[in-house]
$ cat run13.txt   # compact mmCIF, C-alpha atoms and all ligand atoms
# COMPACT_ATOMS: atom_id res chain seq x y z
CA MET A 1 -31.11 3.02 -7.43
CA ASN A 2 -32.43 1.43 -10.63
CA LEU A 3 -30.79 2.38 -13.91
CA SER A 4 -32.55 2.12 -17.25
CA ARG A 5 -31.43 -0.63 -19.60
CA ASP A 6 -30.62 1.99 -22.15
CA LEU A 7 -28.30 3.92 -19.85
CA ILE A 8 -26.54 0.73 -18.74
CA LYS A 9 -25.89 -0.30 -22.36
CA LYS A 10 -24.65 3.19 -23.19
CA ILE A 11 -22.18 3.23 -20.28
CA GLN A 12 -20.88 -0.25 -21.07
CA ARG A 13 -20.43 0.48 -24.77
CA ARG A 14 -18.63 3.75 -24.17
CA VAL A 15 -16.27 2.42 -21.50
CA LEU A 16 -15.35 -0.68 -23.53
CA LYS A 17 -14.77 1.29 -26.73
CA TRP A 18 -12.69 3.90 -24.92
CA TYR A 19 -10.63 1.16 -23.20
CA SER A 20 -9.86 -0.59 -26.49
CA GLN A 21 -8.54 2.67 -27.92
CA HIS A 22 -7.08 4.54 -24.96
CA GLY A 23 -6.53 2.09 -22.09
CA ARG A 24 -3.14 2.48 -20.45
CA ALA A 25 -0.39 0.17 -21.71
CA LEU A 26 0.71 -1.31 -18.39
CA PRO A 27 2.96 -4.39 -18.08
CA TRP A 28 0.16 -6.55 -16.64
CA ARG A 29 -2.40 -5.59 -19.27
CA GLY A 30 -3.24 -8.28 -21.79
CA THR A 31 -2.53 -11.16 -19.42
CA LYS A 32 -5.10 -13.32 -17.68
CA ASP A 33 -2.51 -15.08 -15.55
CA PRO A 34 -3.93 -14.89 -12.01
CA TYR A 35 -0.44 -14.96 -10.47
CA LYS A 36 0.55 -11.78 -12.34
CA ILE A 37 -2.77 -10.00 -11.79
CA TRP A 38 -2.75 -10.88 -8.07
CA LEU A 39 0.87 -9.73 -7.72
CA CYS A 40 0.24 -6.37 -9.37
CA GLU A 41 -3.00 -5.78 -7.46
CA ILE A 42 -1.32 -6.43 -4.11
CA ILE A 43 1.63 -4.20 -5.00
CA LEU A 44 -0.66 -1.42 -6.21
CA GLN A 45 -2.75 -1.33 -3.05
CA GLN A 46 -1.69 1.99 -1.44
CA THR A 47 1.10 2.47 -4.01
CA ARG A 48 1.23 4.79 -7.03
CA ILE A 49 1.39 3.09 -10.44
CA GLU A 50 4.78 4.65 -11.32
CA GLN A 51 6.42 3.25 -8.19
CA GLY A 52 4.48 -0.03 -8.20
CA THR A 53 5.40 -0.88 -11.80
CA SER A 54 9.12 -1.16 -11.09
CA TYR A 55 8.45 -3.35 -8.04
CA TYR A 56 6.09 -5.55 -10.08
CA LEU A 57 8.73 -6.10 -12.77
CA ARG A 58 11.45 -6.80 -10.21
CA PHE A 59 9.23 -9.23 -8.30
CA LEU A 60 8.45 -11.13 -11.50
CA GLU A 61 12.12 -11.31 -12.32
CA GLN A 62 13.00 -12.63 -8.86
CA PHE A 63 9.88 -14.81 -8.43
CA PRO A 64 8.71 -15.62 -11.97
CA THR A 65 6.06 -18.13 -10.86
CA LEU A 66 3.84 -18.79 -7.88
CA GLU A 67 6.08 -21.73 -7.04
CA HIS A 68 9.15 -19.48 -6.76
CA LEU A 69 7.29 -17.14 -4.42
CA ALA A 70 5.82 -19.97 -2.33
CA GLN A 71 9.28 -21.40 -1.77
CA ALA A 72 11.04 -18.11 -0.98
CA ASP A 73 11.82 -17.28 2.64
CA GLU A 74 10.41 -14.28 4.47
CA THR A 75 13.64 -12.27 4.47
CA GLN A 76 13.92 -12.56 0.66
CA ILE A 77 10.35 -11.36 0.19
CA LEU A 78 10.65 -8.51 2.70
CA LYS A 79 13.90 -7.43 1.06
CA ALA A 80 12.24 -7.37 -2.38
CA TRP A 81 9.38 -5.39 -0.83
CA GLU A 82 11.68 -2.90 0.94
CA GLY A 83 10.62 0.71 0.38
CA LEU A 84 7.01 -0.09 -0.58
CA GLY A 85 5.67 0.24 2.97
CA TYR A 86 2.59 -1.46 4.43
CA TYR A 87 4.59 -4.64 5.03
CA THR A 88 1.50 -6.63 6.00
CA ARG A 89 0.92 -6.86 2.26
CA ALA A 90 4.26 -8.64 1.79
CA ARG A 91 3.52 -11.08 4.60
CA ASN A 92 0.08 -11.82 3.17
CA LEU A 93 1.65 -12.27 -0.25
CA MET A 94 3.84 -14.97 1.20
CA LYS A 95 0.96 -16.67 3.07
CA THR A 96 -1.32 -16.68 0.02
CA ALA A 97 1.44 -17.99 -2.25
CA LYS A 98 1.94 -20.94 0.11
CA ILE A 99 -1.80 -21.64 0.46
CA VAL A 100 -2.43 -21.57 -3.29
CA TYR A 101 0.66 -23.67 -3.98
CA HIS A 102 0.00 -26.32 -1.32
CA GLN A 103 -3.80 -26.38 -0.93
CA TYR A 104 -4.93 -25.48 -4.44
CA GLN A 105 -2.14 -27.31 -6.31
CA GLY A 106 -0.76 -24.01 -7.59
CA HIS A 107 -4.03 -22.79 -9.16
CA PHE A 108 -5.87 -19.76 -7.82
CA PRO A 109 -9.49 -20.50 -6.87
CA GLN A 110 -11.95 -19.22 -9.47
CA THR A 111 -14.85 -17.97 -7.38
CA TYR A 112 -15.15 -14.58 -5.71
CA GLU A 113 -15.99 -16.16 -2.34
CA GLU A 114 -12.95 -18.44 -2.36
CA LEU A 115 -10.61 -15.69 -3.49
CA LEU A 116 -11.84 -13.59 -0.56
CA LYS A 117 -10.68 -16.26 1.88
CA LEU A 118 -7.03 -15.82 0.90
CA PRO A 119 -4.89 -13.55 3.14
CA GLY A 120 -4.59 -10.00 1.83
CA ILE A 121 -7.36 -10.41 -0.76
CA GLY A 122 -10.33 -8.14 -0.08
CA PRO A 123 -13.35 -7.34 -2.27
CA TYR A 124 -11.33 -5.03 -4.54
CA THR A 125 -8.55 -7.53 -5.30
CA ALA A 126 -10.95 -10.50 -5.53
CA SER A 127 -13.09 -8.67 -8.08
CA ALA A 128 -10.03 -7.60 -10.09
CA ILE A 129 -8.63 -11.16 -10.23
CA GLY A 130 -12.10 -12.67 -10.74
CA SER A 131 -13.15 -10.35 -13.55
CA ILE A 132 -9.84 -10.19 -15.43
CA CYS A 133 -8.79 -13.83 -15.11
CA PHE A 134 -12.06 -15.74 -14.74
CA ASN A 135 -14.63 -13.41 -16.37
CA LEU A 136 -16.63 -12.96 -13.15
CA PRO A 137 -19.10 -10.06 -13.60
CA ILE A 138 -18.14 -8.10 -10.47
CA LEU A 139 -17.29 -4.41 -10.52
CA THR A 140 -13.90 -3.51 -9.05
CA ILE A 141 -14.53 -0.53 -6.81
CA ASP A 142 -11.55 1.57 -5.81
CA GLY A 143 -11.39 5.29 -5.00
CA ASN A 144 -11.19 6.18 -8.69
CA VAL A 145 -14.25 4.16 -9.65
CA ARG A 146 -16.15 5.51 -6.65
CA ARG A 147 -15.39 9.04 -7.83
CA VAL A 148 -16.59 8.34 -11.39
CA LEU A 149 -19.84 6.77 -10.15
CA SER A 150 -20.42 9.54 -7.60
CA ARG A 151 -20.18 12.13 -10.37
CA LEU A 152 -22.02 10.16 -13.04
CA PHE A 153 -25.07 9.81 -10.78
CA GLU A 154 -24.49 12.75 -8.36
CA LEU A 155 -24.52 10.43 -5.38
CA HIS A 156 -25.27 12.12 -2.06
CA ASN A 157 -24.82 10.82 1.43
CA LYS A 158 -28.40 11.56 2.52
CA PRO A 159 -29.57 10.65 6.01
CA ASP A 160 -32.92 9.42 4.64
CA SER A 161 -31.50 7.06 1.97
CA PRO A 162 -29.31 3.93 2.21
CA PRO A 163 -25.62 4.53 2.95
CA LEU A 164 -23.53 5.55 -0.05
CA HIS A 165 -21.56 2.31 -0.23
CA GLN A 166 -24.84 0.39 -0.55
CA ILE A 167 -26.01 2.61 -3.40
CA ILE A 168 -22.65 2.17 -5.12
CA GLN A 169 -23.00 -1.61 -4.79
CA GLN A 170 -26.48 -1.46 -6.34
CA ILE A 171 -25.13 0.56 -9.28
CA ALA A 172 -22.07 -1.71 -9.57
CA LYS A 173 -24.22 -4.82 -10.05
CA GLN A 174 -26.11 -3.13 -12.87
CA VAL A 175 -23.36 -1.41 -14.85
CA ILE A 176 -20.74 -4.19 -14.96
CA SER A 177 -20.43 -5.72 -18.43
CA LYS A 178 -21.41 -9.38 -18.22
CA LYS A 179 -19.52 -10.19 -21.40
CA TYR A 180 -16.25 -8.31 -20.83
CA PRO A 181 -16.07 -7.60 -17.09
CA GLY A 182 -12.25 -7.46 -16.99
CA ASN A 183 -11.97 -4.87 -19.75
CA PHE A 184 -14.90 -2.88 -18.36
CA ASN A 185 -13.29 -2.75 -14.90
CA GLN A 186 -9.92 -1.75 -16.27
CA GLY A 187 -11.52 0.87 -18.51
CA LEU A 188 -13.50 2.45 -15.67
CA MET A 189 -10.42 2.46 -13.42
CA ASP A 190 -8.38 4.16 -16.14
CA ILE A 191 -11.08 6.77 -16.71
CA GLY A 192 -11.09 7.46 -12.97
CA SER A 193 -7.35 7.75 -12.70
CA ILE A 194 -6.53 9.79 -15.82
CA ILE A 195 -9.73 11.64 -16.84
CA CYS A 196 -12.18 11.90 -13.97
CA ILE A 197 -9.42 13.13 -11.67
CA PRO A 198 -10.19 14.66 -8.26
CA ILE A 199 -9.53 18.30 -9.25
CA HIS A 200 -10.38 19.71 -12.69
CA PRO A 201 -11.69 16.49 -14.31
CA LYS A 202 -11.07 16.40 -18.07
CA CYS A 203 -14.73 16.07 -18.99
CA ARG A 204 -14.22 16.96 -22.65
CA GLU A 205 -12.04 13.87 -23.07
CA CYS A 206 -14.43 11.63 -21.13
CA PRO A 207 -16.38 8.93 -22.98
CA LEU A 208 -19.12 9.23 -20.35
CA ILE A 209 -19.73 12.96 -20.77
CA LYS A 210 -23.17 12.43 -22.31
CA CYS A 211 -24.30 10.22 -19.41
CA CYS A 212 -22.88 12.33 -16.60
CA SER A 213 -25.22 14.19 -14.26
CA ALA A 214 -22.43 16.15 -12.56
CA TYR A 215 -21.19 17.41 -15.92
CA GLN A 216 -24.69 18.42 -16.99
CA HIS A 217 -25.21 20.40 -13.77
CA GLY A 218 -21.64 21.70 -13.41
CA THR A 219 -21.35 20.01 -10.01
CA GLN A 220 -18.23 17.88 -10.60
CA SER A 221 -16.32 19.54 -7.74
CA LEU A 222 -19.05 18.60 -5.23
CA PHE A 223 -18.57 14.85 -5.78
CA PRO A 224 -17.60 12.58 -4.19
CA GLU A 225 -18.83 14.17 -0.97
CA LYS A 226 -16.07 14.60 1.58
CA LYS A 227 -15.93 12.35 4.62
CA ASN A 228 -15.07 13.82 8.02
CA THR A 229 -11.62 12.47 8.70
CA ARG A 230 -10.24 12.14 12.20
CA PRO A 231 -6.68 13.40 12.74
CA LEU A 232 -4.10 10.61 13.00
CA PRO A 233 -2.21 10.04 16.25
CA VAL A 234 1.29 11.53 16.29
CA LEU A 235 4.09 9.49 17.94
CA HIS A 236 7.70 10.36 18.71
CA TRP A 237 10.41 7.69 18.59
CA ALA A 238 14.03 8.07 19.61
CA VAL A 239 16.25 6.11 17.21
CA PHE A 240 19.84 5.21 18.04
CA VAL A 241 22.66 4.85 15.58
CA ILE A 242 25.31 2.87 17.49
CA LEU A 243 28.55 2.41 15.59
CA ASN A 244 31.69 0.51 16.32
CA LYS A 245 34.37 1.13 13.71
CA ASP A 246 32.64 0.00 10.51
CA GLU A 247 29.80 -1.90 12.18
CA ILE A 248 26.32 -0.83 13.24
CA LEU A 249 24.00 -2.31 15.86
CA ILE A 250 20.65 -3.42 14.45
CA THR A 251 17.71 -5.43 15.72
CA ARG A 252 14.78 -7.39 14.35
CA GLU A 253 11.46 -5.70 15.00
CA GLU A 254 9.15 -7.95 16.98
CA ASN A 255 6.82 -5.61 18.81
CA GLN A 256 5.46 -3.19 16.22
CA ASN A 257 3.07 -5.27 14.17
CA PHE A 258 3.28 -3.12 11.08
CA LEU A 259 7.09 -3.48 10.98
CA LYS A 260 7.23 -7.07 12.24
CA ASN A 261 10.27 -9.10 11.22
CA LEU A 262 11.87 -6.19 9.42
CA TYR A 263 15.22 -5.03 10.71
CA ALA A 264 15.42 -1.76 12.62
CA LEU A 265 17.75 0.48 14.58
CA PRO A 266 17.40 0.40 18.37
CA THR A 267 14.36 2.51 19.19
CA VAL A 268 12.62 3.84 22.30
CA GLU A 269 9.17 5.40 22.22
CA MET A 270 9.20 8.93 23.66
CA ASP A 271 6.40 10.51 25.61
CA GLU A 272 4.99 13.96 25.02
CA ASP A 273 7.60 15.74 27.21
CA ASN A 274 10.71 13.87 26.13
CA HIS A 275 10.84 15.01 22.56
CA LYS A 276 10.62 18.63 23.62
CA ILE A 277 13.75 18.48 25.78
CA ASN A 278 16.18 20.25 23.51
CA ASN A 279 17.08 17.22 21.47
CA HIS A 280 18.80 15.66 24.48
CA PRO A 281 16.33 13.61 26.53
CA GLU A 282 18.50 12.06 29.28
CA ASN A 283 15.88 9.65 30.52
CA ILE A 284 15.49 8.17 27.05
CA PHE A 285 19.23 7.50 26.96
CA ILE A 286 18.97 5.85 30.37
CA GLN A 287 16.11 3.68 29.14
CA LEU A 288 18.10 2.56 26.12
CA THR A 289 21.20 2.04 28.26
CA LYS A 290 19.23 -0.44 30.38
CA GLN A 291 17.61 -2.06 27.36
CA ILE A 292 20.88 -3.02 25.73
CA ASN A 293 23.19 -2.80 28.72
CA LEU A 294 25.34 0.09 27.52
CA PRO A 295 27.84 1.69 29.89
CA ASN A 296 26.43 4.86 31.49
CA LYS A 297 28.96 7.25 30.07
CA VAL A 298 28.10 6.92 26.41
CA LYS A 299 28.16 10.29 24.67
CA TRP A 300 25.21 10.90 22.34
CA ASP A 301 25.04 13.44 19.54
CA PHE A 302 21.78 14.54 18.00
CA LEU A 303 21.77 13.62 14.28
CA LEU A 304 18.43 14.59 12.78
CA THR A 305 14.65 14.51 13.07
CA THR A 306 12.52 13.07 10.30
CA ARG A 307 8.83 12.37 9.97
CA ARG A 308 6.81 9.68 8.20
CA LYS A 309 3.08 9.41 7.69
CA TYR A 310 1.58 5.94 7.80
CA SER A 311 -2.05 5.05 7.18
CA HIS A 312 -2.82 4.88 10.89
CA ARG A 313 -0.33 7.27 12.50
CA THR A 314 2.41 9.82 11.97
CA ILE A 315 5.80 9.11 13.54
CA HIS A 316 8.55 11.63 14.24
CA PHE A 317 11.95 9.92 14.41
CA HIS A 318 14.51 11.76 16.58
CA VAL A 319 17.86 10.23 15.73
CA TYR A 320 20.94 10.10 18.01
CA ILE A 321 24.36 8.76 17.19
CA THR A 322 27.29 7.41 19.15
CA ARG A 323 30.57 5.75 18.24
CA LEU A 324 31.60 3.07 20.72
CA LYS A 325 35.12 1.80 21.19
CA PHE A 326 33.95 -1.64 22.35
CA LYS A 327 31.33 -4.19 21.35
CA LYS A 328 30.55 -5.86 24.66
CA LEU A 329 26.81 -5.43 24.99
CA SER A 330 24.01 -7.64 26.11
CA THR A 331 22.88 -8.03 22.55
CA LYS A 332 20.44 -10.91 22.71
CA HIS A 333 18.01 -9.20 20.35
CA TYR A 334 20.62 -7.12 18.59
CA LEU A 335 23.39 -7.84 16.15
CA TRP A 336 26.45 -6.05 14.86
CA VAL A 337 26.48 -5.80 11.10
CA PRO A 338 29.15 -4.30 8.83
CA LEU A 339 27.77 -1.07 7.35
CA LYS A 340 28.53 -2.37 3.87
CA ASP A 341 26.20 -5.36 4.49
CA VAL A 342 23.23 -3.30 5.65
CA PRO A 343 21.67 -3.31 2.14
CA TYR A 344 21.18 -7.09 2.44
CA TYR A 345 18.78 -6.67 5.38
CA PRO A 346 15.15 -5.60 4.87
CA PHE A 347 14.41 -2.32 6.69
CA SER A 348 11.37 -0.08 6.52
CA ARG A 349 11.79 3.06 4.41
CA ALA A 350 12.15 5.27 7.51
CA PHE A 351 15.21 3.36 8.74
CA THR A 352 16.75 3.05 5.27
CA ASP A 353 16.55 6.83 4.92
CA ILE A 354 18.09 7.37 8.36
CA ILE A 355 20.96 4.95 7.64
CA LYS A 356 21.71 6.80 4.40
CA GLN A 357 22.28 9.94 6.42
CA ILE A 358 24.86 8.49 8.80
CA PRO A 359 28.03 10.59 8.37
CA SER A 360 31.10 8.57 7.40
S1 LIG A 401 -17.96 13.79 -17.57
FE1 LIG A 401 -16.45 14.65 -16.19
S2 LIG A 401 -17.28 14.38 -14.15
FE2 LIG A 401 -18.44 13.08 -15.52
S3 LIG A 401 -17.45 11.10 -15.37
FE3 LIG A 401 -16.54 12.16 -17.09
S4 LIG A 401 -14.76 13.23 -16.28
FE4 LIG A 401 -16.02 12.60 -14.55

$ encode --input "run13.txt" --output "structure tokens"
Amino acid sequence: MNLSRDLIKKIQRRVLKWYSQHGRALPWRGTKDPYKIWLCEIILQQTRIEQGTSYYLRFLEQFPTLEHLAQADETQILKAWEGLGYYTRARNLMKTAKIVYHQYQGHFPQTYEELLKLPGIGPYTASAIGSICFNLPILTIDGNVRRVLSRLFELHNKPDSPPLHQIIQQIAKQVISKKYPGNFNQGLMDIGSIICIPIHPKCRECPLIKCCSAYQHGTQSLFPEKKNTRPLPVLHWAVFVILNKDEILITREENQNFLKNLYALPTVEMDEDNHKINNHPENIFIQLTKQINLPNKVKWDFLLTTRRKYSHRTIHFHVYITRLKFKKLSTKHYLWVPLKDVPYYPFSRAFTDIIKQIPS
């Protein structure tokens, strides 16, 4: 899709002017420090701004420079990340910090291609860092920007034209401001997140109203066109709270990639039939008993069921509790920890929430 020079200039002027007057005052705005921009972009992937902002500020306090982050150990970083989810981001944060510190002498590479080679940095993050810190003229395309462009140009997914993402790329190359790419990107993202919102866009406040095809035709609600989404798999896990006086048995997750190296409560995956057995699936208890060499006669009480949605699956956690009078277990992969020390260990949000509900 080719845009006229006139339209391109109009869009650039309007976005830049609007950004200078109405852009959101966020803690990372106004800086061109690649460490800070990278940190906030990684934190904000799959995280709302309100939640991400407090993590960003805390991270900067704990790891004020790239050097601090590169020299931190994994447990420190996972603990600081606790509650944000998608822990692969935290691991990639650590890997990239080390690479930039050791291989690039502490300076982020300044080309889009080199930024893309760093763990956890995809096209979105590379274009954000590149445009804001190094003035690279590359449009940052997230869901918000995609929505604005889809409406501005009424972009359809037609079988007889190139795929939508290709058309968006063609438009992106044309509309990006060559002089102020960072401000243009941040302006367009702000417009997408506070004005051109998914339902009831605030067109009367929009600087692009005069250029917008969807507004002119009253078709805002039809764009962006919906994708057919496949339902996510649903899993059931039995989780075991095993107490001994004021201690709890925990383990370090090694098998589930998305929770790797976080701490967890002992867990057994349930099959379709198990979780339906009246909250008391004997064979799951037997499986756990073998796994950690518990005596057979342990009495389990059902505590609660909770559910969490992840990007790639939904997990129902069925939680059981027991209070042992002894600590002799084959605990090679498990450790007893005083309940009061649990906050020092990084857990995923699901386990933190379960631990909070353990009755005293
Ligand atoms: S005029 Fe309305 S639909 Fe068009 S870009 Fe602005 S907010 Fe979105």

$ residues_near_ligand --input "run13.txt" --ligand "ligand LIG 401 (chain A)" --cutoff "9 Å" --atoms "all atoms listed in the file" --output "VMD selection string"
chain A and resid 147 to 153 191 to 192 194 to 198 200 to 216 218 to 221 223

$ closest_residue --input "run13.txt" --among "A:Ile11, A:Ile168, A:Ile49, A:Leu294" --to "A:Pro27" --atoms "only C-alpha atoms"
A:Ile49

$ closest_atom_pairs --input "run13.txt" --of "stretch 148-263 of chain A" --to "stretch 286-291 of chain A" --cutoff "10 Å" --atoms "only C-alpha atoms" --output "Markdown table"
| residue | atom | partner | partner_atom | distance |
| --- | --- | --- | --- | --- |
| A:Ala238 | CA | A:Leu288 | CA | 9.5 |
| A:Val239 | CA | A:Leu288 | CA | 9.8 |
| A:Phe240 | CA | A:Leu288 | CA | 8.7 |

$ write_last_selection --input "run13.txt" --atoms "C-alpha atoms" --output "mmCIF file, keeping the file's coordinate frame"
data_model
loop_
_atom_site.group_PDB
_atom_site.id
_atom_site.type_symbol
_atom_site.label_atom_id
_atom_site.label_comp_id
_atom_site.auth_asym_id
_atom_site.auth_seq_id
_atom_site.Cartn_x
_atom_site.Cartn_y
_atom_site.Cartn_z
ATOM 1 C CA ALA A 238 14.030 8.070 19.610
ATOM 2 C CA VAL A 239 16.250 6.110 17.210
ATOM 3 C CA PHE A 240 19.840 5.210 18.040
#

$ closest_residue --input "run13.txt" --among "A:Gly187, A:Pro162, A:Gly182, A:Gly120" --to "A:Gly23" --atoms "all atoms listed in the file"
A:Gly187

$ residues_around --input "run13.txt" --residues "A:Phe351" --least-positions-apart "2" --cutoff "12 Å" --atoms "all atoms listed in the file" --output "MDAnalysis selection string"
chainID A and resid 82:83 85 237:241 250:251 253 259 262:267 305:308 316:319 342:343 345:349 353:358

$ atom_distance --input "run13.txt" --atom1 "atom CA of A:Pro119" --atom2 "atom CA of A:Gln186"
23.3 Å

$ axis_aligned_box --input "run13.txt" --around "stretch 23-38 of chain A" --padding-each-side "5 Å" --output "lines of an AutoDock Vina configuration file"
center_x = -1.8
center_y = -6.3
center_z = -15.1
size_x = 19.5
size_y = 27.6
size_z = 24.0

$ residues_near_point --input "run13.txt" --point "(7.3, -22.7, -2.9)" --cutoff "9 Å" --atoms "only C-alpha atoms" --output "mmCIF file with C-alpha atoms, in the frame of the given file"
data_model
loop_
_atom_site.group_PDB
_atom_site.id
_atom_site.type_symbol
_atom_site.label_atom_id
_atom_site.label_comp_id
_atom_site.auth_asym_id
_atom_site.auth_seq_id
_atom_site.Cartn_x
_atom_site.Cartn_y
_atom_site.Cartn_z
ATOM 1 C CA LEU A 66 3.840 -18.790 -7.880
ATOM 2 C CA GLU A 67 6.080 -21.730 -7.040
ATOM 3 C CA HIS A 68 9.150 -19.480 -6.760
ATOM 4 C CA LEU A 69 7.290 -17.140 -4.420
ATOM 5 C CA ALA A 70 5.820 -19.970 -2.330
ATOM 6 C CA GLN A 71 9.280 -21.400 -1.770
ATOM 7 C CA ALA A 72 11.040 -18.110 -0.980
ATOM 8 C CA ASP A 73 11.820 -17.280 2.640
ATOM 9 C CA ALA A 97 1.440 -17.990 -2.250
ATOM 10 C CA LYS A 98 1.940 -20.940 0.110
ATOM 11 C CA TYR A 101 0.660 -23.670 -3.980
ATOM 12 C CA HIS A 102 0.000 -26.320 -1.320
#

$ closest_residue --input "run13.txt" --among "A:Lys79, A:Lys158, A:Lys173, A:Lys95" --to "A:Thr140" --atoms "only C-alpha atoms"
A:Lys173

$ residues_near_point --input "run13.txt" --point "(-0.2, -7.7, -5.5)" --cutoff "12 Å" --atoms "all atoms listed in the file" --output "ChimeraX atom specification"
/A:28,34-47,49,52-53,55-57,59-60,81,84,87-94,96-97,119-122,124-126,128-129

$ atom_distance --input "run13.txt" --atom1 "atom CA of A:Arg323" --atom2 "atom CA of A:Leu243"
4.7 Å

$ atom_distance --input "run13.txt" --atom1 "atom CA of A:Tyr320" --atom2 "atom CA of A:Phe302"
4.5 Å
